[in-house]
Structures are given as C-alpha cells and as structure tokens.
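Trainee: Following this message is one structure expressed as structure tokens.
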Amino acid sequence: MSVSRRTLALQTGAIAAAVVLAATACGSGKSGGGSSSSGSSGGGGDKNTVNSATVKQGGKITWTIEKTVQDWNPLTSNGNTFDYAQVTNGIYPDVYVPQPDYSLKLNTDLMDGDPQFTVGGPGTPQKIVYKIQQNAKWSDGTPITADDFIYLWQTQNGGNPNIDAASTTGYSQVDSVVGSDNGKTVTVTFKPDQPFADWKSLFTSLLPAHVAKQHGDLAASFTWLDANPPTVSAGPFQIAPGGVSADKSLVKTIRNPQYYGKAANLDEIDFRAITDSTQEPTALANGEVDGIYPQPQLDLVNRVRNISGVDYHVSQGLVFEHIDLNMRNTALGGPADADQRAPAKVALRQAMFTAFDRQGLLNRTVKQFTDNAKVLNNRMLLPGLPGSQDNVTSSYPEAGDLAKAKQILTSAGYTGVGTALVDPAGKPVPAFSMRYTVGNALRQDTCNLFAQAMKQLGITVNVSSTDALGKTLTQSDAQHQWDIIVFAWVATPFPNSANQPIYTTAKQGVPLSNYGYYSNADVDKWLADAAKNADEKVRESDLNQADAQITKDAYTLPLYQKPTMIAYKNTLGNVRDNATQIGPTYNIQEWGFKS
C-alpha cells in the first residue's frame, strides 16, 4: 500500500491517521479450545514480532477483504482503498514499508542500500539518489528501472489534468527524475526552494512502466492499470491466470516464481470479499477463510472469542472515523469558495455538528468492547503524537449541545428550528442524503444517531448504504450521491504531508482526496508549509492551526480513533496487525503454516 497519503478505510470504513502513536501492545492469554484472546493494553511488547514463528514452505490460505475489487491502481482516487491495497501489497512494491510499530523499513529486496539524501538549501535543491538491486525485475523478466520511478512521478505530479491521482503531495515538488547506470540508479531532484520533509513517503506502489506504454499515453495507461488486474508483478505474489472471479469477489494470487527477493512461503493466497462483516466470524469458524480483519464491534468480538483454534487481537489503531459534509450542496456550501463562507451556511454546518452527541455514539458502539476508546478532537495529530491538542470541543462538545445548536440557527436567521428548518432567505432546508459502507453496522448506527439529532433541529437526513465507497466519494456533480458521509482514514507515518491532499483546495477540477471540495486559503498555506518546513515545532503549529480552522468551518467532524481487530487460524505464523495504511499484508511473503 502506498505510504504517501491517507487511504480510505473501506474494510473498517484507506488506502487511511498519518502518525507515529504511542505503542499499544497486545496482551494474549489462552482460553478453552486452543483459541487465544487478546486485547488492547498499555503494556510492553514488540508489535513487529507478534506471532513470529518458523513456518513451512507451501500451502494455501484464504484471507478476507470486505469489498469486491473494483479498482486495481492504488495511486488513483478510486483505487486509493484499504481493501484493494491488501491484494496489491504483494504485487506492487514500496521503497519504504511501514511496520506495525509505525517505523519505516527499507525494502532491501528492491533497493541496494539506503537512498542517498541531500538536504536542500538556498540555491541548492533537495536531492535523493536511489539504487535499485541489479536483479530486481518484473515477473515477465523486464528489469525494474528508473523508467518505473519516472512513470510513477509523471502520473502523480499533478501536471496532467486528465489523470485521477490520489495525491500529488511531494511529487509536485519534484523537478526531475533521471535514470543512469542502465536505469538502476534513480536521481530525484526537487524544485529550488521546495524541499519535502516526508521524502520517505515517495515511490510506493511502483507500477510497471513497460506495461503502461502498451496502453496509450500517460492518462490512458494510468486508467488502464486501474481497470485491469495486474498482468505482471514486482512482488512476492502475482495474480493467478484467470484468478479474478467474474464478480470480482475472489482474487487468487500465487507465488511469483520470478521474484528477486526471498521467496514467499505460501504457494497461494486467495482474497475473498465478504461485504457483510457480521458473516466474517462464521466464515472463519467454518474454515471458509483463514483470517479476517473486520472493524471490531461487540457481537463480532464475542463471536470470534468463542471460535476454537483462532488467535485474535484488538488494539488501538491509526484509523479514525469522521463525518464529512459535501460543500457542493448549495444548502451547505456551494460551487464558489465564498459560498462556503456565507454566514448562514457556516451557521447551519456548525449547528449540525454541535447537536451531535459524539460521546453517546462512542458509549453505544466502540466502548462496548474496549475501554480505551475516546472521542477524537484532532484530525491531524492523533493522541500520542507530539503537538497533539484538542481543537474541537470548544466548538462542538463531546456530548453535544442541542440548545446551543438551536441558538446558532436562530441567531443566524433560521426559522422552523426543531420542526421544519427554513433558511434566512425563506427557503426550506432540503433533506440531506447520508451514506455509509454497506454491511458496516457501526457506521449505520452512526448515521441513524446523526439523523435523529438532526431531526431535533428540523433537518431531514435520509440514510442509505453504498457498496462502492470510493466511487461514491468521487462522484461528479451530475452524479451527486451524498451530502453527508461517514468513513475513515487509515494513517501513514507522515502527518505533515498526508493531510495535505485531504483538505487542500482542489486544483484544475481534480479533487485529490478532498472529496467534499472544502476550500480555505489559510488551510492551504499551513498544510503546504507543514509538508516542507524543517522545523518540527513549526510543522506541529501548522497542522494545529489548519485543524482548528477546519473545525471552525465545520467541514468534518472527527468521531473517534478506531480500534483494529485481526483474527486468524492459530496454525499460521507471522500474521499480525499493522495499523498503518499498509495493513496486515505488509509482510505477506513471510506468512506460512507453523512448523
């Protein structure tokens, strides 16, 4: 999975916060039937070595994803999805791989030593030199070269308006990518006075340039790679011939015999989509699948706890739930930036967020199975990060404040407060469409509770699900599919740059990952500075100022930092949680059956 950006958490709600949190270890204890029960704790333990084991060569397992694979290019807005990336992690390689403890590990199968980094200065641009292993190649025998790095940069740098890039952050600051040494050396030079602090986030999900060239120009080939399963691999696994079912609910991957690194232990890993998370424990108990990674909820945790021969872990994750508003809805915002700042529209958005009881939501959902859950009050710097502070509760109390919300509306000139809301111009406030991921009971509860709170303000909210969250979020004006939406971001280890594409004003009609088309010039400025400033304290200040402004503008409402849950057959070794955006398949080649 790409580490340069946050990703949509479709299984729990990305390819989702970009941070290094205080370590939260998993404690384990054996229970009847040979199953292992685990929960979050603040104790010690190395998250990178949970379930380490010597494993056998060979065998086949089935791993669960929660969405049918509709997109294959993890660098597009639609493909920038957690579940999809679980499949492509073993196919498209990264230069640096996020680890379960949120550190970064160089991919030494791909890279010949650490990249040479030169700090930029006045008149001297920042520069990175990568050395590719001489034997590194795609599964069709084509060498991995600078051409692959150049293609990735060209599709991500924002220079082509016809390319739907998930994020241009970092890449847009690069001036050139040049190959030498028969393409095995890659020199990346940044634009003068445009350094990039999170340079280790670059060149993830490396795509095959030689395949792309067979399918049209830059934009056409990038789209083709999204629409078609990978035909070649540069990782330990590859798509099996005919390995994608007609409905895309089953993807078979087999060991890549041409892999240049240490061979995978398993012969085959099949990815099966189970779109209703409540069915995952049944599939695990029946042996239909060997592992699941669902959003934990009380009934699901209790059911998994009672499955014989299964280990499971619930721990604090880097995923956070939030409610977003669609600023292109004319009642909430409008096509022009000035519409978003219209006092009456700001008041409506603020009142909606003020009325919602986030603590009540938490008590009725996540706190049922983990005591560590708390209301989240910072989008940029999650709890445990240096500089993290509360930028939300002064505006939106955790328990909500219905009386205050009604007063905000009344003061702004709204009438019909509490019955049928009418705006200051005498126009009825329209019913809003609120969407959530199909099969996600926690999100459905969130939507229903939000709709109930809005009804007390005189606002109608119609709740419905979507089975294609990425496509729903990236809808065009003509395909308007949501006014309010709940989903999650999965983090990367790079808060300074990962937040930029989510909240920066869309350019040239390309929304990046700013799906609600939010726009604020000050936020743009703060996030741009956070991505390049060398002073850590200044970067923290930038992120907090941006976060506070987004709170004031009432574009998104953070809900809670989500726990993660992984469960797998206890005969499997080296399978473990990775709460960053890369997910559990970060080390897929190490998985195997215990000796």
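Scheme for the structure tokens: letters A, B, ... for chains in order shown; per-chain residue numbers from 1; ligand numbers from 1 in order shown.
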Show me, as a Markdown table, the residues of stretch 104-151 of chain A having an atom within 9 Å of stretch 70-94 of chain A, each with the closest atom pair and its distance in Å, using only C-alpha atoms.
Mentor:
| residue | atom | partner | partner_atom | distance |
| --- | --- | --- | --- | --- |
| A:Leu106 | CA | A:Asp94 | CA | 8.6 |
| A:Asn107 | CA | A:Asp94 | CA | 6.8 |
| A:Leu110 | CA | A:Pro93 | CA | 7.7 |
Trainee: Give me, as CSV, each residue of stretch 473-589 of chain A that comes within 10 Å of stretch 260-276 of chain A, together with its shortest interatomic pair and the distance in Å at one decimal, counting only C-alpha atoms, with rows ordered by chain and rising residue number.
Mentor:
residue,atom,partner,partner_atom,distance
A:Asn587,CA,A:Ala264,CA,9.6
A:Ile588,CA,A:Ala264,CA,7.6
A:Gln589,CA,A:Ala264,CA,4.1
Trainee: With all heavy atoms retained, write the just-selected residues as a PDB file, in the first residue's frame.
Mentor:
ATOM      1  N   ASN A 587       3.713  -7.863   5.188  1.00  0.00           N
ATOM      2  CA  ASN A 587       4.776  -8.883   5.195  1.00  0.00           C
ATOM      3  C   ASN A 587       4.260 -10.197   4.635  1.00  0.00           C
ATOM      4  O   ASN A 587       4.631 -11.283   5.107  1.00  0.00           O
ATOM      5  CB  ASN A 587       5.321  -9.087   6.611  1.00  0.00           C
ATOM      6  CG  ASN A 587       4.281  -9.738   7.523  1.00  0.00           C
ATOM      7  OD1 ASN A 587       3.077  -9.578   7.321  1.00  0.00           O
ATOM      8  ND2 ASN A 587       4.742 -10.476   8.526  1.00  0.00           N
ATOM      9  N   ILE A 588       3.444 -10.123   3.634  1.00  0.00           N
ATOM     10  CA  ILE A 588       2.707 -11.289   3.151  1.00  0.00           C
ATOM     11  C   ILE A 588       3.612 -12.444   2.745  1.00  0.00           C
ATOM     12  O   ILE A 588       3.247 -13.615   2.869  1.00  0.00           O
ATOM     13  CB  ILE A 588       1.783 -10.859   1.983  1.00  0.00           C
ATOM     14  CG1 ILE A 588       0.750 -11.930   1.683  1.00  0.00           C
ATOM     15  CG2 ILE A 588       2.583 -10.454   0.763  1.00  0.00           C
ATOM     16  CD1 ILE A 588      -0.347 -11.453   0.740  1.00  0.00           C
ATOM     17  N   GLN A 589       4.826 -12.140   2.288  1.00  0.00           N
ATOM     18  CA  GLN A 589       5.737 -13.217   1.876  1.00  0.00           C
ATOM     19  C   GLN A 589       6.240 -14.034   3.059  1.00  0.00           C
ATOM     20  O   GLN A 589       6.707 -15.163   2.887  1.00  0.00           O
ATOM     21  CB  GLN A 589       6.926 -12.666   1.075  1.00  0.00           C
ATOM     22  CG  GLN A 589       7.940 -11.887   1.889  1.00  0.00           C
ATOM     23  CD  GLN A 589       7.590 -10.408   1.988  1.00  0.00           C
ATOM     24  OE1 GLN A 589       6.427 -10.012   1.920  1.00  0.00           O
ATOM     25  NE2 GLN A 589       8.617  -9.584   2.137  1.00  0.00           N
TER      26      GLN A 589
END
Trainee: Could you pull out the residues in stretch 24-181 of chain A that DSSP calls alpha helix (DSSP H) from the backbone, as JSON, numbers by chain?
Mentor: {"A": [82, 83, 84, 85, 86, 87, 88, 146, 147, 148, 149, 150, 151, 152, 153, 154, 155, 156]}
Trainee: Could you turn the residues from that selection into a file that holds N, CA and C atoms, as a CSV table (one decimal), in the first residue's frame?
Mentor:
chain,number,residue,atom,x,y,z
A,82,PHE,N,-8.2,0.8,1.2
A,82,PHE,CA,-7.5,-0.2,2.0
A,82,PHE,C,-7.7,-1.6,1.5
A,83,ASP,N,-8.9,-2.0,1.3
A,83,ASP,CA,-9.2,-3.4,0.9
A,83,ASP,C,-8.4,-3.8,-0.4
A,84,TYR,N,-8.5,-2.9,-1.4
A,84,TYR,CA,-7.8,-3.2,-2.7
A,84,TYR,C,-6.3,-3.3,-2.4
A,85,ALA,N,-5.8,-2.5,-1.6
A,85,ALA,CA,-4.3,-2.5,-1.4
A,85,ALA,C,-3.9,-3.8,-0.7
A,86,GLN,N,-4.8,-4.4,0.1
A,86,GLN,CA,-4.4,-5.7,0.7
A,86,GLN,C,-4.1,-6.7,-0.3
A,87,VAL,N,-4.7,-6.6,-1.5
A,87,VAL,CA,-4.4,-7.5,-2.6
A,87,VAL,C,-3.1,-7.1,-3.3
A,88,THR,N,-2.9,-5.8,-3.6
A,88,THR,CA,-1.8,-5.4,-4.4
A,88,THR,C,-0.5,-5.2,-3.6
A,146,ALA,N,14.7,2.9,-13.6
A,146,ALA,CA,14.3,4.3,-13.4
A,146,ALA,C,13.0,4.6,-14.1
A,147,ASP,N,12.7,3.9,-15.2
A,147,ASP,CA,11.5,4.2,-16.0
A,147,ASP,C,10.3,4.0,-15.1
A,148,ASP,N,10.3,3.0,-14.2
A,148,ASP,CA,9.2,2.8,-13.4
A,148,ASP,C,9.0,4.0,-12.4
A,149,PHE,N,10.1,4.5,-11.9
A,149,PHE,CA,10.1,5.6,-11.0
A,149,PHE,C,9.6,6.9,-11.7
A,150,ILE,N,10.1,7.0,-12.9
A,150,ILE,CA,9.7,8.2,-13.7
A,150,ILE,C,8.2,8.2,-14.1
A,151,TYR,N,7.7,7.0,-14.4
A,151,TYR,CA,6.3,6.9,-14.7
A,151,TYR,C,5.4,7.2,-13.5
A,152,LEU,N,5.8,6.7,-12.4
A,152,LEU,CA,5.0,7.0,-11.1
A,152,LEU,C,5.0,8.5,-10.9
A,153,TRP,N,6.2,9.1,-11.0
A,153,TRP,CA,6.3,10.6,-10.7
A,153,TRP,C,5.4,11.3,-11.7
A,154,GLN,N,5.5,11.0,-13.0
A,154,GLN,CA,4.7,11.7,-14.0
A,154,GLN,C,3.2,11.6,-13.8
A,155,THR,N,2.8,10.5,-13.3
A,155,THR,CA,1.3,10.3,-13.0
A,155,THR,C,0.9,10.9,-11.7
A,156,GLN,N,1.8,11.3,-10.8
A,156,GLN,CA,1.4,11.8,-9.5
A,156,GLN,C,1.8,13.2,-9.3
Trainee: Using Å and a single decimal, report how far atom CA of A:Leu206 sits from atom CA of A:Asp164.
Mentor: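 Distance reported for this atom pair: 16.4 Å.
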Trainee: Could you jot down the atom CA of A:His480 to atom CA of A:Asp467 separation for me, Å, one decimal place?
Mentor: 15.7 Å
Trainee: Taking the chain letters and numbering used in this document, name the residues of stretch 133-332 of chain A that DSSP puts in strand (DSSP E), as a ChimeraX atom specification.
Mentor: /A:174-180,185-190,237-244,250-255,268-273,291-292,310-325
Trainee: Convert the current residue selection to file output with N, CA and C atoms, as a short mmCIF file (atom, residue, chain, number, x, y, z; two decimals), in the first residue's frame.
Mentor:
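selection_36.cif, freshly written:
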data_model
loop_
_atom_site.label_atom_id
_atom_site.label_comp_id
_atom_site.auth_asym_id
_atom_site.auth_seq_id
_atom_site.Cartn_x
_atom_site.Cartn_y
_atom_site.Cartn_z
N VAL A 174 8.81 17.78 -7.04
CA VAL A 174 9.97 17.21 -7.73
C VAL A 174 10.15 17.87 -9.09
N ASP A 175 11.37 18.28 -9.39
CA ASP A 175 11.67 18.93 -10.66
C ASP A 175 12.02 17.92 -11.74
N SER A 176 12.73 16.85 -11.36
CA SER A 176 13.13 15.85 -12.36
C SER A 176 13.41 14.51 -11.70
N VAL A 177 13.19 13.45 -12.47
CA VAL A 177 13.58 12.09 -12.09
C VAL A 177 14.37 11.53 -13.26
N VAL A 178 15.63 11.20 -13.02
CA VAL A 178 16.53 10.82 -14.11
C VAL A 178 17.19 9.48 -13.78
N GLY A 179 17.30 8.63 -14.79
CA GLY A 179 17.95 7.34 -14.63
C GLY A 179 19.36 7.32 -15.17
N SER A 180 20.19 6.48 -14.61
CA SER A 180 21.55 6.25 -15.10
C SER A 180 21.94 4.81 -14.74
N THR A 185 20.10 3.29 -11.33
CA THR A 185 20.27 4.42 -10.43
C THR A 185 19.22 5.47 -10.78
N VAL A 186 18.55 5.98 -9.78
CA VAL A 186 17.49 6.97 -9.97
C VAL A 186 17.83 8.21 -9.17
N THR A 187 17.93 9.35 -9.85
CA THR A 187 18.24 10.61 -9.18
C THR A 187 17.01 11.50 -9.22
N VAL A 188 16.51 11.84 -8.04
CA VAL A 188 15.33 12.68 -7.89
C VAL A 188 15.77 14.05 -7.40
N THR A 189 15.49 15.07 -8.18
CA THR A 189 15.87 16.44 -7.82
C THR A 189 14.61 17.27 -7.62
N PHE A 190 14.54 17.93 -6.50
CA PHE A 190 13.37 18.75 -6.18
C PHE A 190 13.52 20.15 -6.77
N PHE A 237 4.12 -12.11 -4.81
CA PHE A 237 2.95 -12.81 -5.34
C PHE A 237 2.51 -12.17 -6.65
N GLN A 238 1.70 -12.90 -7.41
CA GLN A 238 1.15 -12.39 -8.65
C GLN A 238 -0.26 -12.95 -8.81
N ILE A 239 -1.07 -12.25 -9.62
CA ILE A 239 -2.41 -12.74 -9.88
C ILE A 239 -2.31 -14.03 -10.68
N ALA A 240 -3.04 -15.07 -10.25
CA ALA A 240 -3.03 -16.33 -10.97
C ALA A 240 -3.76 -16.18 -12.30
N PRO A 241 -3.37 -16.93 -13.31
CA PRO A 241 -4.11 -16.90 -14.59
C PRO A 241 -5.59 -17.21 -14.35
N GLY A 242 -6.45 -16.32 -14.81
CA GLY A 242 -7.88 -16.49 -14.56
C GLY A 242 -8.25 -16.38 -13.11
N GLY A 243 -7.43 -15.70 -12.34
CA GLY A 243 -7.58 -15.69 -10.89
C GLY A 243 -8.59 -14.73 -10.33
N VAL A 244 -9.23 -13.92 -11.18
CA VAL A 244 -10.23 -12.97 -10.70
C VAL A 244 -11.61 -13.46 -11.11
N LEU A 250 -13.53 -12.81 -5.62
CA LEU A 250 -12.44 -13.71 -5.27
C LEU A 250 -11.24 -13.43 -6.17
N VAL A 251 -10.10 -13.20 -5.54
CA VAL A 251 -8.86 -12.94 -6.28
C VAL A 251 -7.83 -13.95 -5.81
N LYS A 252 -7.33 -14.76 -6.73
CA LYS A 252 -6.32 -15.76 -6.41
C LYS A 252 -4.94 -15.22 -6.75
N THR A 253 -4.05 -15.22 -5.77
CA THR A 253 -2.67 -14.84 -6.02
C THR A 253 -1.79 -16.04 -5.71
N ILE A 254 -0.76 -16.21 -6.53
CA ILE A 254 0.17 -17.33 -6.36
C ILE A 254 1.58 -16.80 -6.22
N ARG A 255 2.47 -17.64 -5.70
CA ARG A 255 3.86 -17.24 -5.53
C ARG A 255 4.44 -16.82 -6.89
N GLU A 268 -0.11 -20.13 -2.38
CA GLU A 268 -1.27 -19.37 -2.88
C GLU A 268 -1.96 -18.66 -1.73
N ILE A 269 -2.36 -17.41 -1.98
CA ILE A 269 -3.21 -16.67 -1.05
C ILE A 269 -4.39 -16.14 -1.84
N ASP A 270 -5.58 -16.59 -1.48
CA ASP A 270 -6.79 -16.12 -2.13
C ASP A 270 -7.42 -15.03 -1.27
N PHE A 271 -7.91 -13.99 -1.93
CA PHE A 271 -8.59 -12.90 -1.23
C PHE A 271 -10.07 -13.00 -1.54
N ARG A 272 -10.85 -13.22 -0.50
CA ARG A 272 -12.29 -13.39 -0.67
C ARG A 272 -13.02 -12.20 -0.06
N ALA A 273 -13.90 -11.59 -0.85
CA ALA A 273 -14.68 -10.45 -0.37
C ALA A 273 -15.91 -10.93 0.38
N GLY A 291 -8.36 -16.01 7.82
CA GLY A 291 -8.10 -14.80 8.58
C GLY A 291 -9.07 -13.70 8.20
N ILE A 292 -9.36 -12.82 9.17
CA ILE A 292 -10.26 -11.69 8.94
C ILE A 292 -9.66 -10.44 9.58
N VAL A 310 -8.37 -20.26 17.01
CA VAL A 310 -8.19 -18.93 16.41
C VAL A 310 -7.52 -18.00 17.41
N ASP A 311 -6.54 -17.25 16.94
CA ASP A 311 -5.95 -16.16 17.72
C ASP A 311 -6.56 -14.85 17.26
N TYR A 312 -6.81 -13.95 18.19
CA TYR A 312 -7.31 -12.64 17.78
C TYR A 312 -6.68 -11.56 18.67
N HIS A 313 -6.62 -10.36 18.13
CA HIS A 313 -6.06 -9.22 18.85
C HIS A 313 -6.92 -7.99 18.57
N VAL A 314 -7.28 -7.28 19.61
CA VAL A 314 -7.94 -5.98 19.49
C VAL A 314 -7.01 -4.94 20.08
N SER A 315 -6.68 -3.94 19.29
CA SER A 315 -5.75 -2.91 19.79
C SER A 315 -6.12 -1.56 19.20
N GLN A 316 -5.55 -0.53 19.76
CA GLN A 316 -5.82 0.82 19.28
C GLN A 316 -5.15 1.01 17.93
N GLY A 317 -5.87 1.54 16.98
CA GLY A 317 -5.35 1.65 15.63
C GLY A 317 -5.07 3.08 15.20
N LEU A 318 -4.66 3.21 13.95
CA LEU A 318 -4.39 4.51 13.36
C LEU A 318 -5.52 4.92 12.42
N VAL A 319 -6.65 4.30 12.57
CA VAL A 319 -7.81 4.64 11.76
C VAL A 319 -8.72 5.54 12.58
N PHE A 320 -9.28 6.58 11.95
CA PHE A 320 -10.26 7.37 12.70
C PHE A 320 -11.50 7.64 11.86
N GLU A 321 -12.64 7.51 12.53
CA GLU A 321 -13.94 7.75 11.92
C GLU A 321 -14.24 9.24 11.93
N HIS A 322 -14.95 9.68 10.91
CA HIS A 322 -15.34 11.08 10.84
C HIS A 322 -16.57 11.24 9.97
N ILE A 323 -17.27 12.33 10.17
CA ILE A 323 -18.41 12.72 9.34
C ILE A 323 -17.97 13.89 8.49
N ASP A 324 -18.21 13.82 7.19
CA ASP A 324 -17.87 14.89 6.26
C ASP A 324 -19.14 15.45 5.63
N LEU A 325 -19.10 16.73 5.30
CA LEU A 325 -20.19 17.38 4.58
C LEU A 325 -19.74 17.69 3.16
#
Trainee: My list of candidates is A:Asn228, A:Thr169, A:Thr64, A:Gln481. Which is closest to A:Asp529 when distances are computed with only C-alpha atoms?
Mentor: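 Selected residue with least distance to A:Asp529: A:Thr169.
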Trainee: Could you pull the residues within 8 Å of A:Val346, counting only C-alpha atoms, minus those fewer than 6 positions along the same chain, as an MDAnalysis selection string?
Mentor: chainID A and resid 332:333 340 553:554
Trainee: Go ahead and write the residues just picked, C-alpha atoms, as a CSV table (one decimal), in the first residue's frame.
Mentor:
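Resulting contents of out17.csv:
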chain,number,residue,atom,x,y,z
A,332,LEU,CA,-24.3,23.6,2.9
A,333,GLY,CA,-21.8,25.5,0.7
A,340,GLN,CA,-18.8,28.0,1.8
A,553,ASP,CA,-15.5,26.0,9.1
A,554,ALA,CA,-17.4,22.8,10.1
Trainee: Between A:Ala351, A:Asp547, A:Lys532, A:Lys537, which is the closest to A:Leu457 once you count only C-alpha atoms?
Mentor: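 Counting only C-alpha atoms, the residue closest to A:Leu457 is A:Ala351.
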Trainee: Do a neighbour search on A:Pro100 at 7 Å with only C-alpha atoms, toss out local chain neighbours closer than 5 positions, and write the hits as a list in words.
Mentor: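 With the cut-off at 7 Å, the set is Lys47, Asn48, Asp577, Asn578, Ala579 and Thr580 of chain A.
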Trainee: Would you save the residues of that selection, restricted to C-alpha atoms, as a PDB file, in the first residue's frame?
Mentor:
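Final output, saved to again_35.pdb:
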ATOM      1  CA  LYS A  47       4.349  -5.117  17.772  1.00  0.00           C
ATOM      2  CA  ASN A  48       6.710  -6.124  14.955  1.00  0.00           C
ATOM      3  CA  ASP A 577      -1.807  -6.481  12.762  1.00  0.00           C
ATOM      4  CA  ASN A 578      -0.304  -3.439  11.086  1.00  0.00           C
ATOM      5  CA  ALA A 579      -2.481  -0.457  11.942  1.00  0.00           C
ATOM      6  CA  THR A 580      -0.891   1.825   9.369  1.00  0.00           C
TER       7      THR A 580
END
Trainee: In Å, how far is it from atom CA of A:Gln194 to atom CA of A:Ala498?
Mentor: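 These two atoms are separated by 16.7 Å.
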